[in-house]
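Novice: mmCIF, C-alpha atoms (C1' of nucleotides), saved as coords.cif, coming up:
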```cif
data_start
loop_
_atom_site.label_atom_id
_atom_site.label_comp_id
_atom_site.auth_asym_id
_atom_site.auth_seq_id
_atom_site.Cartn_x
_atom_site.Cartn_y
_atom_site.Cartn_z
CA MET S 25 12.79 -5.47 -23.73
CA THR S 26 10.00 -3.98 -25.78
CA LEU S 27 7.75 -6.88 -24.92
CA LEU S 28 8.30 -6.26 -21.25
CA GLU S 29 7.38 -2.62 -21.63
CA ARG S 30 4.22 -3.48 -23.47
CA LYS S 31 3.30 -5.88 -20.73
CA ARG S 32 3.84 -3.16 -18.16
CA GLN S 33 1.67 -0.80 -20.15
CA LEU S 34 -1.00 -3.44 -20.30
CA VAL S 35 -1.12 -3.82 -16.53
CA LYS S 36 -1.17 -0.06 -16.07
CA ASP S 37 -4.01 0.40 -18.53
CA GLU S 38 -5.99 -2.35 -16.85
CA LEU S 39 -5.54 -0.71 -13.45
CA SER S 40 -6.56 2.68 -14.85
CA HIS S 41 -9.59 1.24 -16.55
CA VAL S 42 -10.80 -0.75 -13.56
CA ALA S 43 -10.19 2.16 -11.22
CA ALA S 44 -12.10 4.59 -13.43
CA GLN S 45 -15.02 2.22 -13.62
CA LEU S 46 -15.23 1.47 -9.91
CA ILE S 47 -14.74 5.07 -8.89
CA ALA S 48 -17.27 6.35 -11.39
CA ARG S 49 -19.81 3.92 -9.98
CA ASN S 50 -19.14 4.15 -6.24
CA GLY S 51 -17.31 7.44 -5.80
CA TYR S 52 -13.69 8.19 -5.11
CA GLU S 53 -13.52 8.06 -1.34
CA GLU S 54 -15.75 5.02 -1.19
CA THR S 55 -13.49 3.02 -3.47
CA THR S 56 -10.45 1.44 -1.82
CA VAL S 57 -7.22 0.40 -3.48
CA GLU S 58 -8.03 -3.06 -2.23
CA GLN S 59 -11.17 -3.17 -4.36
CA ILE S 60 -9.33 -1.91 -7.41
CA VAL S 61 -6.53 -4.47 -7.26
CA GLU S 62 -8.98 -7.25 -6.53
CA ALA S 63 -10.95 -6.40 -9.66
CA ALA S 64 -7.75 -6.04 -11.69
CA GLY S 65 -6.28 -9.28 -10.41
CA VAL S 66 -3.01 -7.95 -9.05
CA SER S 67 -1.66 -7.43 -5.56
CA ARG S 68 -1.99 -4.22 -3.60
CA ARG S 69 1.76 -3.80 -3.62
CA THR S 70 1.83 -3.89 -7.41
CA PHE S 71 -0.66 -1.06 -7.63
CA PHE S 72 1.77 1.27 -5.89
CA ARG S 73 4.50 0.23 -8.27
CA TYR S 74 2.46 1.72 -11.10
CA PHE S 75 0.93 4.70 -9.33
CA ARG S 76 2.47 6.80 -6.59
CA SER S 77 -0.89 7.26 -4.91
CA LYS S 78 -4.54 6.47 -5.30
CA GLU S 79 -5.12 10.01 -6.53
CA ASP S 80 -2.64 9.54 -9.35
CA VAL S 81 -4.76 6.90 -11.06
CA ILE S 82 -7.37 9.52 -11.80
CA VAL S 83 -5.22 12.62 -12.15
CA GLU S 84 -2.82 10.94 -14.57
CA MET S 85 -5.63 10.63 -17.09
CA ILE S 86 -5.71 14.41 -17.28
CA THR S 87 -1.98 14.78 -16.92
CA VAL S 88 -1.42 13.17 -20.30
CA VAL S 89 -3.08 15.98 -22.21
CA GLY S 90 -1.32 18.60 -20.10
CA GLU S 91 2.09 17.26 -20.93
CA ARG S 92 1.24 17.08 -24.58
CA ALA S 93 0.32 20.75 -24.42
CA ILE S 94 3.65 21.61 -22.82
CA ALA S 95 5.44 19.67 -25.53
CA GLU S 96 3.43 21.44 -28.21
CA LEU S 97 4.40 24.77 -26.70
CA ALA S 98 8.06 24.04 -27.42
CA THR S 99 7.31 23.54 -31.12
CA ARG S 100 5.77 26.97 -31.69
CA PRO S 101 7.77 29.36 -33.91
CA ALA S 102 10.26 31.55 -32.08
CA GLY S 103 8.91 34.88 -33.27
CA GLU S 104 5.34 34.20 -32.11
CA PRO S 105 4.05 36.31 -29.19
CA PRO S 106 4.02 34.15 -26.06
CA GLY S 107 0.34 34.78 -25.42
CA VAL S 108 -0.51 33.37 -28.84
CA SER S 109 1.74 30.33 -28.38
CA VAL S 110 0.14 29.51 -25.08
CA ARG S 111 -3.25 29.94 -26.60
CA HIS S 112 -2.47 27.34 -29.23
CA ALA S 113 -1.31 24.90 -26.61
CA LEU S 114 -4.58 25.42 -24.78
CA ASP S 115 -6.55 24.79 -27.94
CA GLY S 116 -4.69 21.52 -28.29
CA MET S 117 -5.76 20.51 -24.80
CA VAL S 118 -9.38 21.35 -25.47
CA GLY S 119 -9.13 19.37 -28.68
CA ASP S 120 -8.00 16.36 -26.67
CA TYR S 121 -10.90 16.83 -24.29
CA CYS S 122 -13.42 17.01 -27.06
CA ALA S 123 -12.19 13.78 -28.59
CA PHE S 124 -13.99 11.97 -25.75
CA PRO S 125 -16.56 14.48 -24.53
CA ALA S 126 -18.57 12.29 -22.17
CA LYS S 127 -15.56 10.71 -20.55
CA SER S 128 -13.77 14.05 -20.22
CA LEU S 129 -16.79 15.68 -18.69
CA ALA S 130 -17.27 12.94 -16.13
CA LEU S 131 -13.59 13.04 -15.25
CA THR S 132 -13.57 16.82 -14.93
CA ARG S 133 -16.63 16.84 -12.75
CA MET S 134 -15.21 14.19 -10.48
CA ILE S 135 -11.91 16.02 -10.07
CA LEU S 136 -13.57 19.36 -9.41
CA ASP S 137 -15.98 17.87 -6.89
CA THR S 138 -13.50 15.75 -4.94
CA PRO S 139 -11.22 17.83 -2.69
CA ALA S 140 -8.35 15.34 -2.66
CA LEU S 141 -8.35 15.00 -6.44
CA ARG S 142 -8.78 18.69 -7.02
CA ALA S 143 -5.81 19.49 -4.82
CA ARG S 144 -3.62 17.01 -6.66
CA TYR S 145 -4.81 18.32 -10.01
CA LEU S 146 -4.11 21.93 -9.10
CA ASP S 147 -0.65 20.93 -7.98
CA ARG S 148 -0.01 19.31 -11.32
CA GLN S 149 -1.21 22.44 -13.01
CA PHE S 150 1.17 24.44 -10.88
CA GLU S 151 4.03 22.38 -12.30
CA TRP S 152 2.71 22.86 -15.82
CA ARG S 153 2.82 26.57 -15.24
CA ARG S 154 6.48 26.39 -14.29
CA GLU S 155 7.28 24.22 -17.28
CA ALA S 156 5.30 26.42 -19.66
CA ALA S 157 7.00 29.53 -18.34
CA ALA S 158 10.38 27.86 -18.73
CA ALA S 159 9.55 26.85 -22.30
CA LEU S 160 8.56 30.41 -23.15
CA ALA S 161 11.66 31.86 -21.53
CA ARG S 162 13.90 29.41 -23.37
CA ARG S 163 13.07 30.93 -26.70
CA GLY S 164 12.13 34.25 -25.18
CA ASP S 165 12.32 37.62 -26.82
CA GLY S 166 12.21 39.86 -23.78
CA PRO S 167 13.92 40.17 -20.39
CA ALA S 168 11.02 38.98 -18.35
CA ASP S 169 11.32 37.52 -14.95
CA LEU S 170 7.69 37.56 -13.95
CA ARG S 171 6.30 37.97 -17.42
CA TYR S 172 6.33 34.39 -18.65
CA GLY S 173 5.12 33.16 -15.34
CA MET S 174 2.13 35.47 -15.56
CA ILE S 175 1.33 34.52 -19.13
CA ALA S 176 1.42 30.82 -18.35
CA GLY S 177 -0.57 31.38 -15.18
CA ILE S 178 -3.24 33.39 -16.93
CA ALA S 179 -3.53 30.75 -19.62
CA PHE S 180 -4.21 27.98 -17.13
CA THR S 181 -6.56 30.24 -15.21
CA ALA S 182 -8.55 30.65 -18.39
CA LEU S 183 -8.60 26.88 -18.80
CA ASP S 184 -9.76 26.48 -15.20
CA VAL S 185 -12.54 29.00 -15.56
CA ALA S 186 -13.69 27.44 -18.80
CA LEU S 187 -13.62 23.93 -17.31
CA VAL S 188 -15.55 24.97 -14.22
CA SER S 189 -18.20 26.63 -16.34
CA TRP S 190 -18.32 23.68 -18.71
CA ALA S 191 -18.69 21.18 -15.90
CA GLY S 192 -21.30 23.42 -14.27
CA SER S 193 -23.38 23.45 -17.43
CA GLU S 194 -23.00 19.65 -17.58
CA GLY S 195 -21.49 19.86 -21.03
CA ARG S 196 -24.30 21.82 -22.64
CA GLU S 197 -22.02 24.77 -23.37
CA ASP S 198 -19.17 24.49 -25.84
CA LEU S 199 -15.81 24.15 -24.11
CA ALA S 200 -13.81 25.68 -26.96
CA GLU S 201 -16.08 28.70 -27.01
CA LEU S 202 -15.85 29.13 -23.24
CA LEU S 203 -12.08 29.01 -23.47
CA ASP S 204 -12.16 31.62 -26.21
CA GLN S 205 -14.22 33.94 -24.07
CA ALA S 206 -11.99 33.43 -21.03
CA CYS S 207 -8.83 34.11 -23.01
CA ASP S 208 -10.30 37.21 -24.60
CA LEU S 209 -11.38 38.57 -21.24
CA ALA S 210 -7.78 38.32 -20.08
CA GLY S 211 -6.46 39.82 -23.30
CA LEU S 212 -4.19 36.82 -23.58
CA GLY S 213 -3.61 37.26 -27.30
CA SER S 214 -1.88 40.60 -26.80
CA LEU S 215 0.54 39.42 -24.15
CA MET M 25 -19.25 30.25 27.37
CA THR M 26 -16.72 32.83 26.31
CA LEU M 27 -14.21 31.36 28.71
CA LEU M 28 -14.59 27.99 27.09
CA GLU M 29 -14.00 29.44 23.68
CA ARG M 30 -10.86 31.20 24.84
CA LYS M 31 -9.62 27.94 26.26
CA ARG M 32 -10.24 26.25 22.96
CA GLN M 33 -8.34 28.99 21.16
CA LEU M 34 -5.49 28.55 23.59
CA VAL M 35 -5.15 24.86 22.82
CA LYS M 36 -5.35 25.52 19.11
CA ASP M 37 -2.69 28.21 19.26
CA GLU M 38 -0.44 25.95 21.27
CA LEU M 39 -0.81 23.18 18.72
CA SER M 40 -0.10 25.58 15.87
CA HIS M 41 2.92 26.98 17.60
CA VAL M 42 4.44 23.65 18.54
CA ALA M 43 3.75 22.23 15.09
CA ALA M 44 5.37 25.18 13.33
CA GLN M 45 8.42 24.91 15.50
CA LEU M 46 8.90 21.16 15.09
CA ILE M 47 8.20 21.19 11.37
CA ALA M 48 10.51 24.15 10.76
CA ARG M 49 13.28 22.28 12.51
CA ASN M 50 12.81 18.75 11.22
CA GLY M 51 10.79 19.14 8.02
CA TYR M 52 7.14 18.45 7.30
CA GLU M 53 7.17 14.80 6.31
CA GLU M 54 9.65 13.93 9.04
CA THR M 55 7.40 15.35 11.75
CA THR M 56 4.58 13.10 12.92
CA VAL M 57 1.36 14.14 14.58
CA GLU M 58 2.48 11.97 17.47
CA GLN M 59 5.49 14.21 18.07
CA ILE M 60 3.40 17.35 17.87
CA VAL M 61 0.80 16.25 20.40
CA GLU M 62 3.46 14.92 22.73
CA ALA M 63 5.19 18.29 22.74
CA ALA M 64 1.88 20.11 23.18
CA GLY M 65 0.69 17.82 25.95
CA VAL M 66 -2.58 16.67 24.42
CA SER M 67 -3.75 13.39 22.95
CA ARG M 68 -3.52 12.52 19.30
CA ARG M 69 -7.28 12.33 19.12
CA THR M 70 -7.59 15.92 20.33
CA PHE M 71 -5.32 17.13 17.57
CA PHE M 72 -7.79 15.98 14.95
CA ARG M 73 -10.58 17.74 16.77
CA TYR M 74 -8.83 21.04 16.10
CA PHE M 75 -7.39 20.33 12.65
CA ARG M 76 -8.93 18.24 9.94
CA SER M 77 -5.52 17.04 8.81
CA LYS M 78 -1.85 17.44 9.49
CA GLU M 79 -1.61 19.69 6.44
CA ASP M 80 -4.20 22.03 7.88
CA VAL M 81 -2.00 23.05 10.79
CA ILE M 82 0.38 24.72 8.38
CA VAL M 83 -2.01 25.82 5.66
CA GLU M 84 -4.42 27.44 8.11
CA MET M 85 -1.76 29.96 9.03
CA ILE M 86 -1.94 31.26 5.48
CA THR M 87 -5.66 30.77 5.22
CA VAL M 88 -6.26 33.45 7.81
CA VAL M 89 -4.91 36.24 5.64
CA GLY M 90 -6.73 34.89 2.59
CA GLU M 91 -10.07 35.03 4.30
CA ARG M 92 -9.42 38.52 5.54
CA ALA M 93 -8.75 39.53 1.96
CA ILE M 94 -12.04 38.02 0.82
CA ALA M 95 -13.82 39.90 3.59
CA GLU M 96 -12.10 43.12 2.62
CA LEU M 97 -13.23 42.62 -0.95
CA ALA M 98 -16.83 42.81 0.15
CA THR M 99 -16.27 46.23 1.73
CA ARG M 100 -15.01 47.92 -1.46
CA PRO M 101 -17.29 50.61 -2.96
CA ALA M 102 -19.81 49.33 -5.46
CA GLY M 103 -18.77 51.58 -8.32
CA GLU M 104 -15.12 50.52 -8.22
CA PRO M 105 -13.82 48.48 -11.18
CA PRO M 106 -13.47 44.85 -10.10
CA GLY M 107 -9.82 44.72 -11.07
CA VAL M 108 -9.07 47.59 -8.74
CA SER M 109 -11.06 46.07 -5.88
CA VAL M 110 -9.23 42.80 -6.17
CA ARG M 111 -5.96 44.63 -6.31
CA HIS M 112 -6.69 46.29 -2.99
CA ALA M 113 -7.52 42.96 -1.42
CA LEU M 114 -4.17 41.61 -2.61
CA ASP M 115 -2.37 44.60 -1.15
CA GLY M 116 -4.01 43.80 2.16
CA MET M 117 -2.70 40.25 2.00
CA VAL M 118 0.81 41.41 1.21
CA GLY M 119 0.55 43.84 4.09
CA ASP M 120 -0.28 40.95 6.40
CA TYR M 121 2.69 39.01 5.07
CA CYS M 122 5.06 41.91 5.61
CA ALA M 123 3.99 42.29 9.23
CA PHE M 124 6.06 39.17 9.97
CA PRO M 125 8.49 38.95 7.07
CA ALA M 126 10.79 36.20 8.34
CA LYS M 127 7.97 33.95 9.48
CA SER M 128 5.98 34.53 6.31
CA LEU M 129 8.96 33.79 4.14
CA ALA M 130 9.76 30.56 5.93
CA LEU M 131 6.12 29.49 5.76
CA THR M 132 5.85 30.33 2.07
CA ARG M 133 9.04 28.47 1.22
CA MET M 134 7.92 25.43 3.13
CA ILE M 135 4.51 25.34 1.44
CA LEU M 136 5.96 25.84 -2.02
CA ASP M 137 8.61 23.17 -1.50
CA THR M 138 6.39 20.49 0.06
CA PRO M 139 4.09 18.82 -2.49
CA ALA M 140 1.43 17.83 0.02
CA LEU M 141 1.23 21.33 1.50
CA ARG M 142 1.38 23.02 -1.86
CA ALA M 143 -1.52 20.95 -3.14
CA ARG M 144 -3.63 21.81 -0.10
CA TYR M 145 -2.72 25.47 -0.39
CA LEU M 146 -3.61 25.64 -4.07
CA ASP M 147 -6.93 24.02 -3.27
CA ARG M 148 -7.65 26.68 -0.67
CA GLN M 149 -6.74 29.30 -3.20
CA PHE M 150 -9.16 27.71 -5.64
CA GLU M 151 -11.93 28.22 -3.10
CA TRP M 152 -10.83 31.81 -2.53
CA ARG M 153 -11.17 32.38 -6.25
CA ARG M 154 -14.74 31.15 -6.18
CA GLU M 155 -15.55 33.29 -3.16
CA ALA M 156 -13.86 36.35 -4.62
CA ALA M 157 -15.70 35.90 -7.91
CA ALA M 158 -18.96 35.55 -6.01
CA ALA M 159 -18.25 38.70 -3.99
CA LEU M 160 -17.56 40.64 -7.18
CA ALA M 161 -20.66 39.31 -8.89
CA ARG M 162 -22.84 40.16 -5.87
CA ARG M 163 -22.26 43.87 -6.33
CA GLY M 164 -21.49 43.47 -10.00
CA ASP M 165 -21.99 46.03 -12.70
CA GLY M 166 -21.90 43.79 -15.75
CA PRO M 167 -23.50 40.55 -16.97
CA ALA M 168 -20.39 38.46 -16.76
CA ASP M 169 -20.40 34.77 -16.25
CA LEU M 170 -16.75 34.10 -16.82
CA ARG M 171 -15.56 37.63 -16.23
CA TYR M 172 -15.40 37.72 -12.46
CA GLY M 173 -13.93 34.28 -12.35
CA MET M 174 -11.14 35.41 -14.64
CA ILE M 175 -10.45 38.57 -12.69
CA ALA M 176 -10.23 36.71 -9.41
CA GLY M 177 -8.13 34.01 -11.02
CA ILE M 178 -5.69 36.48 -12.54
CA ALA M 179 -5.36 38.25 -9.21
CA PHE M 180 -4.36 35.09 -7.36
CA THR M 181 -2.09 34.12 -10.24
CA ALA M 182 -0.30 37.42 -9.74
CA LEU M 183 0.00 36.67 -6.05
CA ASP M 184 1.37 33.22 -6.83
CA VAL M 185 3.95 34.51 -9.27
CA ALA M 186 5.03 37.21 -6.84
CA LEU M 187 5.29 34.73 -3.96
CA VAL M 188 7.30 32.24 -5.98
CA SER M 189 9.72 34.95 -7.06
CA TRP M 190 9.91 36.31 -3.53
CA ALA M 191 10.61 32.92 -2.04
CA GLY M 192 13.13 32.23 -4.79
CA SER M 193 15.04 35.39 -3.96
CA GLU M 194 14.93 34.36 -0.30
CA GLY M 195 13.25 37.60 0.65
CA ARG M 196 15.78 39.94 -0.87
CA GLU M 197 13.26 41.34 -3.33
CA ASP M 198 10.32 43.41 -2.17
CA LEU M 199 7.09 41.42 -2.20
CA ALA M 200 4.84 44.46 -2.68
CA GLU M 201 6.88 45.56 -5.65
CA LEU M 202 6.83 42.10 -7.21
CA LEU M 203 3.07 42.01 -6.83
CA ASP M 204 2.83 45.42 -8.49
CA GLN M 205 4.81 44.20 -11.45
CA ALA M 206 2.79 41.01 -11.77
CA CYS M 207 -0.52 42.88 -11.65
CA ASP M 208 0.66 45.41 -14.19
CA LEU M 209 1.82 42.70 -16.56
CA ALA M 210 -1.70 41.28 -16.51
CA GLY M 211 -3.28 44.71 -16.88
CA LEU M 212 -5.35 43.90 -13.84
CA GLY M 213 -6.15 47.52 -13.07
CA SER M 214 -8.08 47.94 -16.32
CA LEU M 215 -10.28 44.88 -15.88
"C1'" DC K 15 -26.29 18.72 45.42
"C1'" DA K 16 -27.99 16.99 41.18
"C1'" DC K 17 -27.74 17.88 36.23
"C1'" DC K 18 -26.33 19.14 31.68
"C1'" DT K 19 -23.08 20.25 28.22
"C1'" DA K 20 -18.63 20.25 26.16
"C1'" DA K 21 -13.81 18.79 26.02
"C1'" DT K 22 -10.70 15.15 26.59
"C1'" DG K 23 -8.21 10.60 26.47
"C1'" DG K 24 -7.93 5.98 25.24
"C1'" DC K 25 -8.94 2.38 22.37
"C1'" DA K 26 -9.94 -0.01 18.12
"C1'" DC K 27 -10.22 0.21 13.36
"C1'" DA K 28 -9.89 1.23 8.22
"C1'" DC K 29 -6.97 2.67 4.84
"C1'" DA K 30 -2.79 4.64 2.38
"C1'" DG K 31 1.78 4.00 1.45
"C1'" DT K 32 6.71 1.81 2.02
"C1'" DG K 33 10.63 -1.54 2.84
"C1'" DT K 34 12.04 -6.07 2.37
"C1'" DC K 35 12.54 -10.60 0.75
"C1'" DA K 36 11.56 -14.81 -1.66
"C1'" DA K 37 9.66 -16.74 -5.88
"C1'" DG K 38 8.69 -16.75 -10.73
"C1'" DA K 39 9.03 -15.06 -15.49
"C1'" DT K 40 12.02 -13.34 -19.25
"C1'" DG K 41 15.99 -12.64 -22.05
"C1'" DT K 42 21.27 -13.58 -22.68
"C1'" DG K 43 25.69 -16.02 -23.13
"C1'" DC K 44 27.95 -20.52 -22.98
"C1'" DG G 25 19.77 -27.30 -22.86
"C1'" DC G 26 21.90 -24.91 -18.87
"C1'" DA G 27 23.44 -21.35 -15.94
"C1'" DC G 28 22.97 -16.43 -15.18
"C1'" DA G 29 21.45 -11.68 -14.62
"C1'" DT G 30 17.33 -8.85 -14.67
"C1'" DC G 31 12.83 -7.53 -13.92
"C1'" DT G 32 8.24 -8.20 -12.12
"C1'" DT G 33 5.35 -9.92 -8.72
"C1'" DG G 34 3.17 -11.36 -4.25
"C1'" DA G 35 3.27 -11.64 0.55
"C1'" DC G 36 4.23 -9.90 4.90
"C1'" DA G 37 5.18 -6.51 8.28
"C1'" DC G 38 5.23 -1.91 9.60
"C1'" DT G 39 4.50 3.26 10.00
"C1'" DG G 40 1.38 6.95 9.92
"C1'" DT G 41 -3.10 9.44 9.00
"C1'" DG G 42 -7.70 9.92 10.04
"C1'" DT G 43 -12.29 8.34 12.26
"C1'" DG G 44 -15.87 6.18 15.36
"C1'" DC G 45 -17.01 5.12 19.89
"C1'" DC G 46 -17.27 5.36 24.78
"C1'" DA G 47 -16.04 6.34 29.47
"C1'" DT G 48 -14.19 10.14 32.21
"C1'" DT G 49 -13.69 14.74 33.71
"C1'" DA G 50 -14.24 19.76 33.98
"C1'" DG G 51 -17.32 23.91 33.96
"C1'" DG G 52 -21.62 26.01 34.33
"C1'" DT G 53 -26.79 25.95 35.80
"C1'" DG G 54 -31.05 24.84 38.28
#
```
Could you spell out this file's structure in structure tokens?

Specialist:
Amino acid sequence: MTLLERKRQLVKDELSHVAAQLIARNGYEETTVEQIVEAAGVSRRTFFRYFRSKEDVIVEMITVVGERAIAELATRPAGEPPGVSVRHALDGMVGDYCAFPAKSLALTRMILDTPALRARYLDRQFEWRREAAAALARRGDGPADLRYGMIAGIAFTALDVALVSWAGSEGREDLAELLDQACDLAGLGSL
Amino acid sequence: MTLLERKRQLVKDELSHVAAQLIARNGYEETTVEQIVEAAGVSRRTFFRYFRSKEDVIVEMITVVGERAIAELATRPAGEPPGVSVRHALDGMVGDYCAFPAKSLALTRMILDTPALRARYLDRQFEWRREAAAALARRGDGPADLRYGMIAGIAFTALDVALVSWAGSEGREDLAELLDQACDLAGLGSL
DNA sequence: CACCTAATGGCACACAGTGTCAAGATGTGC
DNA sequence: GCACATCTTGACACTGTGTGCCATTAGGTG
């Protein structure tokens, strides 16, 4: 069974890789699923067995780091202020980004500049917010109906602002530093 | 020329109205553009001359109040702290919502529960954030690269959190009060 | 009446996404 | 080795969104 799963992963990785390459070269809207599957050597039908939509091929690359951040959030000590916990999760995400700076920058720019991708990405982020808020509430110290939602929302807003500025500077500015500034402006540490 | 424009508006309103009715009854995904134009008495091609996409018919209803809020932001006195200005703009939006509570609630629930609509809505909101940040910077008092972006982002996050909670309570809670709480949690007034 | 502009309808087309079924590969028990 | 269940795949057909193009019609102007 494990061999089958590895085979599946192989096909998925190949599709991701080919898609990223084609789209980076020719643009998102200009690249059809047909072209992707032709280059990957599978049928069009198979593509949609691995990805729910064309947008998902690109957005899933980012999604991975987001879900790792959510998972990390659950491991933070119970007594820690929620704003600090969320901040650590964010730092983890930025760390992931900075592991492949050029690739991350190109991906971020493409998502921010392509309406269809941006919309899908923001929707994913919306779900992260719900999950992050739920994780905070699960080991929560206060009553808080809106509170954890706001903290999670502010955190991802800070990430957004930092990413937009980073992409706008074409990577010349330091992403971690931008995130620091954004978080401090919101007073996230004291929430 | 003004007669022509009024005629155009008439067709657009009819399409909006029919679409809202059909989609409210049968659901968003289950309603096709074909059904909408048939009920409105125009051709399918005409529909796409008035709306860029099927999603836009629904999302534009919300968009109207968002753009009014952006416009209102530009009219705030120059000396006012940005957090306070943004807060007033939000109050204006909530006021618009509360003018038609039942309709607004149904619309909000539908957008939040339908992935395709939610994604489009969040993308619109992303643009509002950019416009709001630009409006604040235009009459800005500080240096602030990230600052206005954060303030605008936090404001819309507060709106989001309030709307989600409002929709979740099925309208039993007071939207204006929820927004107050959300803004206070973020300390928006002192930004 | 002739003329211009703008809106419309109808058609064809590209592309995304889904259901269905037959064929092939893989792993299991006899 | 053989039969069997399972999973993946490819191929086909189909629905639905969105766009380009062109002929027709309505409204306004000289």

Novice: Residues of chain S within 8 Å of chain G, counting all atoms listed in the file - could you list those as number ranges by chain?

Specialist: S: 67, 69-70

Novice: Go through the shown structure with the PyMOL selection byres ((chain M and resi 72) around 12) and write out the matching residues as a PDB file with C-alpha atoms (C1' of nucleotides), in the frame of the given file.

Specialist:
```
ATOM      1  CA  LYS M  36      -5.350  25.520  19.110  1.00  0.00           C
ATOM      2  CA  LEU M  39      -0.810  23.180  18.720  1.00  0.00           C
ATOM      3  CA  VAL M  57       1.360  14.140  14.580  1.00  0.00           C
ATOM      4  CA  GLU M  58       2.480  11.970  17.470  1.00  0.00           C
ATOM      5  CA  ILE M  60       3.400  17.350  17.870  1.00  0.00           C
ATOM      6  CA  VAL M  61       0.800  16.250  20.400  1.00  0.00           C
ATOM      7  CA  VAL M  66      -2.580  16.670  24.420  1.00  0.00           C
ATOM      8  CA  SER M  67      -3.750  13.390  22.950  1.00  0.00           C
ATOM      9  CA  ARG M  68      -3.520  12.520  19.300  1.00  0.00           C
ATOM     10  CA  ARG M  69      -7.280  12.330  19.120  1.00  0.00           C
ATOM     11  CA  THR M  70      -7.590  15.920  20.330  1.00  0.00           C
ATOM     12  CA  PHE M  71      -5.320  17.130  17.570  1.00  0.00           C
ATOM     13  CA  ARG M  73     -10.580  17.740  16.770  1.00  0.00           C
ATOM     14  CA  TYR M  74      -8.830  21.040  16.100  1.00  0.00           C
ATOM     15  CA  PHE M  75      -7.390  20.330  12.650  1.00  0.00           C
ATOM     16  CA  ARG M  76      -8.930  18.240   9.940  1.00  0.00           C
ATOM     17  CA  SER M  77      -5.520  17.040   8.810  1.00  0.00           C
ATOM     18  CA  LYS M  78      -1.850  17.440   9.490  1.00  0.00           C
ATOM     19  CA  GLU M  79      -1.610  19.690   6.440  1.00  0.00           C
ATOM     20  CA  ASP M  80      -4.200  22.030   7.880  1.00  0.00           C
ATOM     21  CA  VAL M  81      -2.000  23.050  10.790  1.00  0.00           C
TER      22      VAL M  81
ATOM     23  C1'  DT G  41      -3.100   9.440   9.000  1.00  0.00           C
ATOM     24  C1'  DG G  42      -7.700   9.920  10.040  1.00  0.00           C
ATOM     25  C1'  DT G  43     -12.290   8.340  12.260  1.00  0.00           C
TER      26       DT G  43
END
```

Novice: Which of these, K:DG24, K:DC15, K:DG41, K:DT34, has the shortest distance to chain S once you count only C-alpha atoms (C1' of nucleotides)?

Specialist: K:DG41

Novice: With 8 Å as the cut-off and all atoms listed in the file counted, what is the closest atom pair between each nearby residue of chain M and chain S? Distances in Å to one decimal, ordered by chain and number, as a Markdown table.

Specialist:
```
| residue | atom | partner | partner_atom | distance |
| --- | --- | --- | --- | --- |
| M:Pro139 | CA | S:Asp147 | CA | 7.6 |
| M:Arg142 | CA | S:Asp147 | CA | 6.8 |
| M:Ala143 | CA | S:Ala143 | CA | 4.8 |
| M:Arg144 | CA | S:Ala143 | CA | 5.7 |
| M:Leu146 | CA | S:Leu146 | CA | 6.3 |
| M:Asp147 | CA | S:Ala143 | CA | 4.9 |
| M:Leu170 | CA | S:Ala206 | CA | 6.4 |
| M:Arg171 | CA | S:Leu209 | CA | 6.6 |
| M:Gly173 | CA | S:Val185 | CA | 6.3 |
| M:Met174 | CA | S:Ala182 | CA | 6.6 |
| M:Ile175 | CA | S:Ala210 | CA | 7.9 |
| M:Gly177 | CA | S:Thr181 | CA | 5.9 |
| M:Ile178 | CA | S:Ile178 | CA | 5.9 |
| M:Thr181 | CA | S:Gly177 | CA | 5.8 |
| M:Ala182 | CA | S:Met174 | CA | 6.6 |
| M:Val185 | CA | S:Gly173 | CA | 6.3 |
| M:Ala186 | CA | S:Leu170 | CA | 7.6 |
| M:Ser189 | CA | S:Leu170 | CA | 7.6 |
| M:Gln205 | CA | S:Leu170 | CA | 7.7 |
| M:Ala206 | CA | S:Leu170 | CA | 6.4 |
| M:Leu209 | CA | S:Arg171 | CA | 6.6 |
| M:Ala210 | CA | S:Met174 | CA | 7.0 |
```

Novice: Please identify every residue of chain K that has at least one atom no more than 8 Å from any atom of chain S, counting all atoms listed in the file, and report them as a PDB file with C-alpha atoms (C1' of nucleotides), keeping the file's coordinate frame.

Specialist:
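Okay, this is what ended up in result22.pdb:
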```pdb
ATOM      1  C1'  DC K  29      -6.970   2.670   4.840  1.00  0.00           C
ATOM      2  C1'  DA K  30      -2.790   4.640   2.380  1.00  0.00           C
ATOM      3  C1'  DG K  31       1.780   4.000   1.450  1.00  0.00           C
TER       4       DG K  31
END
```

Novice: One number please: atom CA of Ala161 of chain M to atom CA of Arg111 of chain S, in Å, one decimal.

Specialist: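 Taking atom CA of Ala161 of chain M and atom CA of Arg111 of chain S, their separation equals 26.5 Å.
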
Novice: Find the distance between atom CA of Gln33 of chain S and atom CA of Asp137 of chain S and write it in Å to one decimal.

Specialist: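 Spanning atom CA of Gln33 of chain S to atom CA of Asp137 of chain S is a straight-line distance of 28.9 Å.
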
Novice: Mind pulling up the distance from atom CA of Pro125 of chain M to atom CA of Gly195 of chain M?

Specialist: 8.1 Å

Novice: Please identify all polymer residues within 9 Å of Ser214 of chain M, counting only C-alpha atoms (C1' of nucleotides), omitting same-chain residues fewer than 4 positions from it, and present them as an MDAnalysis selection string.

Specialist: chainID M and resid 105:108

Novice: Restricting the calculation to only C-alpha atoms: of S:Val42, S:Thr132, S:Lys31, S:Ile86, which residue gets closest to Ala64 of chain S?

Specialist: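 When distances to Ala64 of chain S are compared using only C-alpha atoms, the smallest one comes from S:Val42.
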